[in-house]
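Student: Structure in structure tokens, see below.
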Amino acid sequence: MTGKAGAIIVAAALTSLTPSTAEAKIFPCIQALESPSPISSETMTFTVRNATNELKGLIWVTYGRDLEGYTAIQPGHTVTQESFVGHRWAIQGLQNQCSFAFELEAGETSFEITE
């Protein structure tokens with residue numbers, strides 16, 4: 001699931017993502033690649049629950065705007081990831097299509113992928 005930005009096909013429709021607990025900026029994948037994740041020293045934890053029937057991948061947008069695969073999220077499962085405030089992440093489907101991206105804000109954040 002690791003790949004360069006050019007290897008990702010941007011999906012035409014956004015997958016539904018529901019943030020809770022703390023807010024995050026959610027935007028189309030192409031915007032995630034316009035700016036890299038900023039260098040930050042403020043750590044945080046977030047969780048992503050895959051409420052779909054499809055395997056999803058959790059991808060970090062690096063400091064150089066590359067995409068680095070972190071983990072697969074099985075249908076019905078939840079993953080917890082440590083990160084830094086301001087870092088950008090994306091969710092990828094089976095066809096290496098980026099469904100949506102988000103930028104973390106301070107506080108523990110939970111997300112649910114619903115389609």
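In the structure tokens, each chain is lettered A, B, ... as it comes, each chain's residues begin at 1, and ligands are numbered from 1 in order of appearance.
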Considering only C-alpha atoms, return as a list of chain:residue names whatever protein or nucleic-acid residues lie within 10 Å of A:Ile91, sequence-local ones (same chain, fewer than 5 positions apart) excluded.
Tutor: A:Thr15, A:Leu17, A:Cys29, A:Val48, A:Lys56, A:Gly57, A:Leu58, A:Ile59, A:Trp60, A:Gly69, A:Ala72, A:Ile73, A:Asn96, A:Gln97, A:Cys98, A:Ser99, A:Phe100, A:Ala101, A:Phe102, A:Ile113
Student: Which residues come within 6 Å of stretch 32-45 of chain A, counting only C-alpha atoms, excluding same-chain residues fewer than 2 positions away, as a ChimeraX atom specification?
Tutor: /A:29-30,61-65,81-85,87-88,108
Student: Which residue gives the smallest distance to A:Thr71 among A:Glu103, A:Trp89, A:Thr52, A:Thr114, with only C-alpha atoms counted?
Tutor: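 Residue with the minimum atom-to-atom distance to A:Thr71: A:Trp89.
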Student: Hey, can you check how far atom CA of A:Pro75 sits from atom CA of A:Glu115?
Tutor: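 Separation between atom CA of A:Pro75 and atom CA of A:Glu115: 10.8 Å.
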Student: Excluding A:Glu54 and residues on its chain fewer than 5 positions from it, collect all residues at most 8 Å away from it, counting only C-alpha atoms, and give them as a count of residues only.
Tutor: 4
Student: Check the smallest atom-to-atom distance from each of A:Glu68, A:Gly86, A:Gln92, A:Arg49 to A:Gly107 using only C-alpha atoms, then report the winner.
Tutor: A:Gly86
Student: Taking only stretch 58-113 of chain A into account, list the residues labelled strand (DSSP E or B) by DSSP (computed from the backbone), as a PyMOL selection string.
Tutor: chain A and resi 58-61+67-73+78-84+88-92+97-104+109-113
Student: Between atom CA of A:Thr109 and atom CA of A:Asn53, measure the distance and give it in Å to one decimal.
Tutor: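 Computed distance, atom CA of A:Thr109 to atom CA of A:Asn53, equals 22.5 Å.
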Student: For a test of reading the model, state the distance in Å between atom CA of A:Thr47 and atom CA of A:Ser110, rounded to one decimal.
Tutor: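 Rounded to one decimal, the two atoms are 4.7 Å apart.
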